[in-house]
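Asks: My structure is stored as input.txt, with compact mmCIF, C-alpha atoms.
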# COMPACT_ATOMS: atom_id res chain seq x y z
CA MET A 1 100.17 50.71 83.61
CA LYS A 2 97.93 49.82 80.72
CA PHE A 3 94.45 51.25 81.19
CA LEU A 4 91.69 48.84 80.37
CA PHE A 5 89.61 50.88 78.00
CA PHE A 6 88.97 50.63 74.32
CA PHE A 7 87.70 53.26 71.88
CA LEU A 8 85.44 52.88 68.94
CA LEU A 9 84.92 49.01 69.54
CA LEU A 10 82.51 47.76 66.90
CA PHE A 11 80.31 44.80 67.90
CA ALA A 12 78.77 42.40 65.40
CA THR A 13 75.12 42.88 64.52
CA GLN A 14 72.82 41.43 67.16
CA ILE A 15 69.16 40.43 67.05
CA VAL A 16 67.29 42.02 69.93
CA SER A 17 63.87 40.98 71.16
CA ALA A 18 62.87 44.37 72.53
CA ASN A 19 60.99 47.50 71.58
CA THR A 20 62.26 49.29 68.50
CA ILE A 21 64.13 52.53 69.09
CA ASP A 22 61.10 54.54 68.00
CA ASP A 23 59.12 53.01 70.87
CA LEU A 24 61.59 53.98 73.60
CA LYS A 25 60.05 56.61 75.90
CA THR A 26 61.70 56.38 79.33
CA ASN A 27 65.06 55.66 80.95
CA ALA A 28 63.68 52.28 81.99
CA ASP A 29 62.75 51.49 78.37
CA VAL A 30 66.27 52.37 77.24
CA ALA A 31 67.87 50.33 80.04
CA ARG A 32 65.90 47.23 79.02
CA PHE A 33 66.76 47.79 75.37
CA VAL A 34 70.50 48.18 76.04
CA PHE A 35 70.48 45.17 78.37
CA ALA A 36 68.96 43.03 75.61
CA ILE A 37 71.85 44.01 73.33
CA ALA A 38 74.66 43.82 75.88
CA LYS A 39 73.75 40.39 77.21
CA LYS A 40 74.47 38.94 73.76
CA GLN A 41 78.16 39.81 74.21
CA ASN A 42 78.66 40.00 77.97
CA LYS A 43 77.72 37.95 81.00
CA ILE A 44 75.58 40.56 82.70
CA ARG A 45 72.51 40.43 84.87
CA LYS A 46 69.44 42.58 85.16
CA GLY A 47 70.33 45.69 87.08
CA ASP A 48 73.84 45.86 85.60
CA VAL A 49 72.68 48.49 83.09
CA ILE A 50 71.80 51.88 84.59
CA ILE A 51 70.52 54.96 82.76
CA LEU A 52 71.02 57.97 85.04
CA PRO A 53 69.11 61.26 84.85
CA ALA A 54 71.15 63.76 82.84
CA ASP A 55 71.80 66.14 85.75
CA SER A 56 73.19 63.34 87.91
CA LEU A 57 75.26 61.80 85.12
CA PHE A 58 77.09 64.97 84.15
CA ALA A 59 77.32 66.48 87.64
CA ASN A 60 78.84 63.27 89.00
CA ASN A 61 81.64 63.65 86.46
CA GLY A 62 82.24 67.37 86.97
CA CYS A 63 80.88 68.29 83.55
CA TYR A 64 77.46 69.73 84.34
CA GLN A 65 78.08 73.23 82.97
CA GLU A 66 79.72 72.05 79.73
CA ALA A 67 77.01 69.44 79.20
CA HIS A 68 74.32 72.06 79.81
CA LYS A 69 75.88 74.41 77.23
CA MET A 70 75.93 71.59 74.67
CA ASN A 71 72.40 70.49 75.66
CA CYS A 72 73.65 66.93 76.17
CA LYS A 73 71.14 64.33 77.26
CA THR A 74 71.43 60.87 78.79
CA TRP A 75 70.03 59.42 75.59
CA GLU A 76 68.88 60.81 72.26
CA LYS A 77 67.48 59.53 69.01
CA ALA A 78 69.03 60.38 65.65
CA ASP A 79 69.62 58.84 62.22
CA PHE A 80 73.40 58.49 62.24
CA ASN A 81 73.77 56.50 59.02
CA ASN A 82 71.17 58.60 57.20
CA ASP A 83 69.07 55.64 56.10
CA GLY A 84 65.72 56.91 57.35
CA LYS A 85 65.73 54.66 60.44
CA THR A 86 65.99 55.92 64.00
CA ASP A 87 69.23 55.19 65.88
CA LEU A 88 70.07 55.71 69.54
CA LEU A 89 72.90 57.47 71.41
CA VAL A 90 73.02 56.62 75.11
CA TYR A 91 75.28 56.93 78.14
CA VAL A 92 75.28 53.56 79.88
CA VAL A 93 76.44 53.33 83.49
CA TRP A 94 77.39 49.75 84.30
CA LYS A 95 77.10 48.25 87.75
CA ASP A 96 80.87 48.69 88.28
CA ASP A 97 80.35 52.49 87.85
CA ASN A 98 82.12 52.59 84.49
CA THR A 99 80.34 54.60 81.80
CA SER A 100 80.13 53.84 78.07
CA LEU A 101 78.91 56.13 75.31
CA LEU A 102 77.03 53.80 73.02
CA ALA A 103 75.34 54.26 69.66
CA VAL A 104 72.82 51.66 68.53
CA ILE A 105 72.29 51.61 64.77
CA ASP A 106 68.94 50.27 63.53
CA ASN A 107 69.52 47.93 60.58
CA GLY A 108 65.82 47.28 60.11
CA ASP A 109 63.82 44.10 60.79
CA ASP A 110 64.56 44.42 64.53
CA THR A 111 68.31 43.98 64.07
CA PHE A 112 70.69 46.47 65.66
CA LYS A 113 74.40 47.21 65.54
CA PRO A 114 75.94 48.46 68.82
CA VAL A 115 78.87 50.83 68.23
CA TYR A 116 80.83 52.15 71.19
CA VAL A 117 81.97 55.74 70.76
CA ILE A 118 83.69 55.29 74.12
CA ARG A 119 83.96 51.68 75.30
CA LYS A 120 84.48 52.47 78.98
CA TYR A 121 85.27 55.58 80.92
CA LEU A 122 87.36 54.80 83.98
CA GLY A 123 87.78 57.09 86.98
CA LEU A 124 91.52 56.86 86.33
CA LEU A 125 91.06 58.99 83.22
CA PRO A 126 90.51 62.73 83.63
CA ASP A 127 88.33 63.29 80.57
CA PHE A 128 84.63 62.49 80.30
CA PRO A 129 82.92 62.24 76.89
CA LEU A 130 80.27 64.82 75.99
CA ALA A 131 78.36 64.18 72.77
CA LYS A 132 75.51 65.91 70.99
CA PRO A 133 73.83 64.79 67.73
CA MET A 134 73.50 67.66 65.28
CA MET A 135 72.62 68.22 61.63
CA ILE A 136 75.21 69.83 59.34
CA ASN A 137 74.22 70.55 55.74
CA GLY A 138 71.47 67.95 55.95
CA THR A 139 73.76 65.20 57.29
CA GLN A 140 73.60 63.79 60.80
CA MET A 141 76.80 64.43 62.74
CA LEU A 142 77.96 63.95 66.31
CA LEU A 143 79.62 66.85 68.13
CA TYR A 144 82.07 65.31 70.59
CA ARG A 145 83.99 67.05 73.35
CA ALA A 146 86.32 65.65 76.02
CA CYS A 147 85.46 67.28 79.35
CA SER A 148 88.25 67.50 81.90
CA GLY A 149 85.83 67.61 84.81
CA GLY A 150 87.75 70.52 86.24
CA ASP A 151 90.94 68.48 86.54
CA PRO A 152 93.89 70.83 85.80
CA SER A 153 96.11 67.82 85.04
CA PHE A 154 93.93 66.90 82.04
CA LYS A 155 96.04 66.16 78.97
CA LYS A 156 94.50 64.96 75.77
CA THR A 157 96.28 62.47 73.52
CA LYS A 158 99.16 64.26 71.82
CA GLY A 159 97.97 65.22 68.35
CA ALA A 160 94.31 64.41 68.99
CA GLN A 161 91.57 67.00 69.34
CA ALA A 162 89.58 67.70 72.51
CA THR A 163 86.60 68.66 70.31
CA ASP A 164 85.60 66.90 67.11
CA THR A 165 82.74 66.64 64.66
CA LEU A 166 82.19 62.96 63.98
CA ILE A 167 80.28 61.23 61.20
CA PHE A 168 79.11 57.62 61.03
CA LYS A 169 80.90 56.29 57.97
CA PHE A 170 82.37 52.94 56.88
CA GLY A 171 80.63 51.36 59.89
CA ASN A 172 81.88 53.56 62.73
CA PHE A 173 82.29 57.12 63.96
CA ILE A 174 85.24 58.99 62.48
CA GLU A 175 86.20 62.64 62.06
CA TYR A 176 84.12 64.41 59.43
CA ASN A 177 86.18 65.41 56.40
CA PRO A 178 84.43 67.58 53.78
CA LYS A 179 87.27 67.09 51.28
CA PRO A 180 88.61 63.51 51.37
CA SER A 181 91.71 62.58 49.43
CA THR A 182 91.44 60.70 46.13
CA ALA A 183 95.08 59.61 46.00
CA ALA A 184 95.89 56.23 44.45
CA ILE A 185 97.25 53.86 47.11
CA THR A 186 99.71 51.15 46.06
CA GLY A 187 100.42 49.50 49.40
CA VAL A 188 99.81 49.54 53.15
CA HIS A 189 102.13 48.22 55.87
CA VAL A 190 101.01 47.76 59.48
CA GLU A 191 103.22 46.65 62.35
CA THR A 192 102.53 46.34 66.09
CA THR A 193 104.89 46.06 69.05
CA MET A 194 104.82 44.31 72.40
CA CYS A 195 103.19 45.85 75.48
CA PHE A 196 103.16 45.01 79.18
CA GLY A 197 100.68 42.20 78.67
CA THR A 198 99.40 40.05 75.81
CA CYS A 199 99.03 42.59 73.00
CA PRO A 200 99.03 40.90 69.57
CA VAL A 201 102.33 41.36 67.74
CA PHE A 202 101.99 41.08 63.96
CA LYS A 203 102.71 42.63 60.57
CA LEU A 204 100.49 43.08 57.54
CA ASP A 205 101.67 44.03 54.06
CA VAL A 206 98.67 44.79 51.85
CA ALA A 207 99.01 45.45 48.11
CA ALA A 208 96.53 47.54 46.13
CA ASP A 209 94.97 44.39 44.64
CA GLY A 210 94.41 42.88 48.10
CA THR A 211 97.23 40.33 48.09
CA THR A 212 98.61 40.32 51.62
CA THR A 213 101.44 38.88 53.68
CA TYR A 214 100.53 38.35 57.33
CA THR A 215 103.33 37.75 59.83
CA ALA A 216 101.91 36.59 63.17
CA THR A 217 104.60 36.82 65.84
CA LYS A 218 102.90 36.52 69.22
CA TYR A 219 99.45 36.50 70.85
CA ASN A 220 97.58 35.96 67.59
CA PRO A 221 95.13 33.18 66.64
CA GLU A 222 98.06 31.47 64.88
CA THR A 223 101.82 31.95 64.65
CA GLY A 224 103.81 32.05 61.43
CA VAL A 225 103.97 33.74 58.04
CA PHE A 226 100.85 33.54 55.91
CA THR A 227 99.59 34.86 52.59
CA GLY A 228 96.11 35.58 51.35
CA THR A 229 93.90 37.99 49.45
CA ILE A 230 91.65 40.39 51.33
CA ASP A 231 88.10 40.26 50.01
CA GLN A 232 87.12 43.18 47.78
CA GLU A 233 84.57 44.67 50.16
CA LYS A 234 87.05 44.82 53.04
CA LEU A 235 89.84 46.10 50.78
CA THR A 236 87.61 48.89 49.48
CA GLN A 237 86.68 49.79 53.05
CA ILE A 238 90.36 50.04 54.07
CA LEU A 239 91.50 52.11 51.08
CA SER A 240 88.44 54.37 51.18
CA LEU A 241 88.87 54.97 54.91
CA ILE A 242 92.56 55.84 54.47
CA ASN A 243 91.64 58.42 51.85
CA TYR A 244 88.64 59.77 53.75
CA ILE A 245 90.72 60.55 56.84
CA ASP A 246 93.47 61.84 54.50
CA VAL A 247 96.42 60.22 56.26
CA GLN A 248 98.85 62.44 54.37
CA LYS A 249 97.65 65.40 56.43
CA LEU A 250 97.73 63.63 59.80
CA ASP A 251 100.58 63.92 62.29
CA ASN A 252 103.51 61.55 62.00
CA ASN A 253 103.48 60.73 65.71
CA TYR A 254 100.78 60.23 68.33
CA SER A 255 101.23 59.25 71.96
CA VAL A 256 99.19 58.72 75.12
CA ASP A 257 100.43 59.85 78.52
CA TRP A 258 100.65 56.46 80.24
CA THR A 259 103.25 53.71 80.01
CA ASP A 260 103.49 50.02 79.06
CA ASP A 261 101.05 50.27 76.15
CA GLN A 262 101.37 49.07 72.56
CA THR A 263 102.68 50.98 69.55
CA ILE A 264 101.35 50.58 66.04
CA LYS A 265 103.21 51.72 62.93
CA LEU A 266 101.35 52.51 59.74
CA LYS A 267 102.98 53.11 56.36
CA VAL A 268 100.94 54.01 53.28
CA GLN A 269 102.53 54.10 49.82
CA PHE A 270 101.02 56.17 47.03
CA ALA A 271 101.20 55.92 43.24
CA ASP A 272 103.08 59.22 42.99
CA GLY A 273 105.94 57.67 44.99
CA SER A 274 105.18 59.46 48.25
CA VAL A 275 105.00 57.59 51.55
CA LYS A 276 103.17 58.47 54.76
CA GLU A 277 104.36 56.91 58.02
CA ILE A 278 102.56 57.19 61.37
CA THR A 279 103.78 55.91 64.73
CA ASP A 280 101.02 55.75 67.33
CA TYR A 281 101.88 54.79 70.91
CA GLY A 282 98.66 53.72 72.64
CA MET A 283 96.79 53.53 69.30
CA GLN A 284 94.55 56.51 70.14
CA GLY A 285 95.71 59.02 67.52
CA THR A 286 92.39 59.95 65.89
CA TYR A 287 88.95 58.34 65.63
CA GLY A 288 89.64 57.44 62.01
CA LEU A 289 92.99 55.86 62.84
CA ARG A 290 91.53 53.92 65.76
CA TYR A 291 88.90 52.42 63.49
CA LEU A 292 91.51 51.64 60.82
CA TYR A 293 93.61 49.83 63.43
CA GLN A 294 90.53 47.91 64.52
CA ILE A 295 89.94 46.73 60.97
CA PHE A 296 93.55 45.55 60.65
CA PHE A 297 93.33 43.66 63.94
CA GLY A 298 90.15 42.01 62.66
CA LEU A 299 91.85 40.77 59.50
CA ARG A 300 93.91 38.27 61.51
CA ALA A 301 90.89 36.02 62.10
CA GLY A 302 88.51 37.50 59.55
CA GLN A 303 90.28 36.40 56.36
CA THR A 304 91.52 33.13 54.88
CA TRP A 305 95.29 32.70 55.27
CA TYR A 306 97.63 30.12 53.74
CA GLU A 307 101.05 29.02 54.98
Starting from the file, lay out its structure as structure tokens.
Replies:
Amino acid sequence: MKFLFFFLLLFATQIVSANTIDDLKTNADVARFVFAIAKKQNKIRKGDVIILPADSLFANNGCYQEAHKMNCKTWEKADFNNDGKTDLLVYVVWKDDNTSLLAVIDNGDDTFKPVYVIRKYLGLLPDFPLAKPMMINGTQMLLYRACSGGDPSFKKTKGAQATDTLIFKFGNFIEYNPKPSTAAITGVHVETTMCFGTCPVFKLDVAADGTTTYTATKYNPETGVFTGTIDQEKLTQILSLINYIDVQKLDNNYSVDWTDDQTIKLKVQFADGSVKEITDYGMQGTYGLRYLYQIFFGLRAGQTWYE
């Protein structure tokens, strides 16, 4: 079956009429703050957002000892985008008992960007996210570890890491890379497959100058073959992200352990004639890849296309 959870889902910036992050002192303060953000995107009611004490949160998920070793907390303040403003990392327990690991980035002027490190943790999944903000060489990072909760059947995504050091870059959390690639990229091809459901099926062929062919096959805003030019800011984000995560050094294949999910195929062409191809069943290969996929999915409705 296809599990209903999504990683690294980036929400649009929201305006929140609540205390600033610097003013948050208690679990109740944080719950009200998160509720003010979440209600902009979801139909929720007061009481749907719960901030548990740390001991209860981690013990309930079988991760108390690991969380204690990492000194994890229910919520912590940090400056993830290194702009001098205080951001928030918080475990949110929703009324349906699902848990999200949420970062709230302070944009200034009482505007905030919610970024889900883990969109929802379902009891069906054996791993629980443990995260700890930490400084490395003067830069704010996020140490992330998947806790199995004592479940011997725990299997991480093939090719992915159970422990990672993440950095907030290009608008989301991705694996920290001290030596990004600087390779010249001449083209990017993205292709998705069907799943057991309504997964969007489409192709994108992006040239280095941004000219793009978009083939929308099924479950997209429109159906047909379209052309357009990706705006320079978005194009720079895509190419820079591909080089930062250094796709040439990533695995060729990634796969989750469940069935009926979607596969995405990524092909990157370089100026030296080399080609990197990645096939990712379940689209969970790495944090950087997940965010890259998210950007490509967003292009379908986020750009101007012509028939």
Asks: Hey, can you check how far atom CA of Leu52 of chain A sits from atom CA of Ala36 of chain A?
Replies: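 Result for atom CA of Leu52 of chain A versus atom CA of Ala36 of chain A: 17.8 Å, one decimal.
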Asks: What separation in Å, quoted to one decimal, exists between atom CA of Ala78 of chain A and atom CA of Lys95 of chain A?
Replies: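 Going from atom CA of Ala78 of chain A over to atom CA of Lys95 of chain A, I get 26.5 Å.
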Asks: Report as a list of chain:residue names all protein, DNA and RNA residues lying within 7 Å of Cys147 of chain A, evaluated on all atoms listed in the file, omitting residues in the same chain fewer than 5 positions from it.
Replies: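 Contacts, with the query itself left out: A:Cys63, A:Asp127, A:Phe128, A:Pro129, A:Leu130.
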Asks: Dump C-alpha atoms for the selected residues as a PDB file, in the frame of the given file?
Replies:
ATOM      1  CA  CYS A  63      80.880  68.290  83.550  1.00  0.00           C
ATOM      2  CA  ASP A 127      88.330  63.290  80.570  1.00  0.00           C
ATOM      3  CA  PHE A 128      84.630  62.490  80.300  1.00  0.00           C
ATOM      4  CA  PRO A 129      82.920  62.240  76.890  1.00  0.00           C
ATOM      5  CA  LEU A 130      80.270  64.820  75.990  1.00  0.00           C
TER       6      LEU A 130
END
Asks: Using all atoms listed in the file, pick whichever of A:Asn81, A:Gln269, A:Asn60, A:Gln65 has the shortest atom-to-atom distance to Asn172 of chain A.
Replies: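 Among A:Asn81, A:Gln269, A:Asn60, A:Gln65, it is A:Asn81 that comes nearest to Asn172 of chain A.
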Asks: Quick one: residues within 12 Å of (79.4, 67.6, 84.2) (file frame), counting only C-alpha atoms, please, as a ChimeraX atom specification.
Replies: /A:54-74,127-131,145-151
Asks: Those residues you just picked out, can you put them in a file as a CSV table (one decimal), keeping the file's coordinate frame with C-alpha atoms?
Replies:
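The result, stored in result_1.csv:
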chain,number,residue,atom,x,y,z
A,54,ALA,CA,71.2,63.8,82.8
A,55,ASP,CA,71.8,66.1,85.8
A,56,SER,CA,73.2,63.3,87.9
A,57,LEU,CA,75.3,61.8,85.1
A,58,PHE,CA,77.1,65.0,84.2
A,59,ALA,CA,77.3,66.5,87.6
A,60,ASN,CA,78.8,63.3,89.0
A,61,ASN,CA,81.6,63.6,86.5
A,62,GLY,CA,82.2,67.4,87.0
A,63,CYS,CA,80.9,68.3,83.6
A,64,TYR,CA,77.5,69.7,84.3
A,65,GLN,CA,78.1,73.2,83.0
A,66,GLU,CA,79.7,72.0,79.7
A,67,ALA,CA,77.0,69.4,79.2
A,68,HIS,CA,74.3,72.1,79.8
A,69,LYS,CA,75.9,74.4,77.2
A,70,MET,CA,75.9,71.6,74.7
A,71,ASN,CA,72.4,70.5,75.7
A,72,CYS,CA,73.6,66.9,76.2
A,73,LYS,CA,71.1,64.3,77.3
A,74,THR,CA,71.4,60.9,78.8
A,127,ASP,CA,88.3,63.3,80.6
A,128,PHE,CA,84.6,62.5,80.3
A,129,PRO,CA,82.9,62.2,76.9
A,130,LEU,CA,80.3,64.8,76.0
A,131,ALA,CA,78.4,64.2,72.8
A,145,ARG,CA,84.0,67.0,73.4
A,146,ALA,CA,86.3,65.6,76.0
A,147,CYS,CA,85.5,67.3,79.4
A,148,SER,CA,88.2,67.5,81.9
A,149,GLY,CA,85.8,67.6,84.8
A,150,GLY,CA,87.8,70.5,86.2
A,151,ASP,CA,90.9,68.5,86.5
Asks: Please return as a compact mmCIF listing (two decimals) with C-alpha atoms, in the coordinates of the input every residue within 10 Å of (89.5, 60.8, 55.0), taking into account only C-alpha atoms and the file's own coordinates.
Replies:
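Dumped everything to out.txt:
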# COMPACT_ATOMS: atom_id res chain seq x y z
CA ILE A 174 85.24 58.99 62.48
CA GLU A 175 86.20 62.64 62.06
CA TYR A 176 84.12 64.41 59.43
CA ASN A 177 86.18 65.41 56.40
CA PRO A 178 84.43 67.58 53.78
CA LYS A 179 87.27 67.09 51.28
CA PRO A 180 88.61 63.51 51.37
CA SER A 181 91.71 62.58 49.43
CA THR A 182 91.44 60.70 46.13
CA LEU A 239 91.50 52.11 51.08
CA SER A 240 88.44 54.37 51.18
CA LEU A 241 88.87 54.97 54.91
CA ILE A 242 92.56 55.84 54.47
CA ASN A 243 91.64 58.42 51.85
CA TYR A 244 88.64 59.77 53.75
CA ILE A 245 90.72 60.55 56.84
CA ASP A 246 93.47 61.84 54.50
CA VAL A 247 96.42 60.22 56.26
CA GLN A 248 98.85 62.44 54.37
CA LYS A 249 97.65 65.40 56.43
CA LEU A 250 97.73 63.63 59.80
CA GLY A 288 89.64 57.44 62.01
CA LEU A 289 92.99 55.86 62.84
Asks: What does the distance from atom CA of Gly187 of chain A to atom CA of Thr263 of chain A come to in Å, to one decimal?
Replies: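 Between atom CA of Gly187 of chain A and atom CA of Thr263 of chain A the gap is 20.3 Å.
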Asks: Which is closest to Trp94 of chain A among A:Ala38, A:Val188, A:Lys77, A:Val117, if we use all atoms listed in the file?
Replies: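 The answer is A:Ala38, which sits nearest to Trp94 of chain A.
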Asks: What's around Ile230 of chain A at 8 Å? Count all atoms listed in the file, leave out sequence neighbours fewer than 5 positions away in its own chain, and write the answer as a list in words.
Replies: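 What passes the distance filter is Gly210, Thr211, Thr212, Leu235 and Gln303 of chain A.
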Asks: Of the residues A:Gly84, A:Gly108, A:Pro53, A:Gly298, which is the one nearest to Ile238 of chain A, using all atoms listed in the file?
Replies: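 So, comparing all the options, the nearest one is A:Gly298.
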Asks: Measuring atom to atom with all atoms listed in the file, identify which of A:Leu101, A:Leu89, A:Val268, A:Val201 is nearest to Gly224 of chain A.
Replies: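 Under the stated criterion, the closest residue is A:Val201.
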Asks: Calculated over all atoms listed in the file, which of the candidates A:His189, A:Lys218, A:Lys25, A:Lys132 has the smallest distance to Tyr293 of chain A?
Replies: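 For Tyr293 of chain A, the nearest of the candidates is A:His189.
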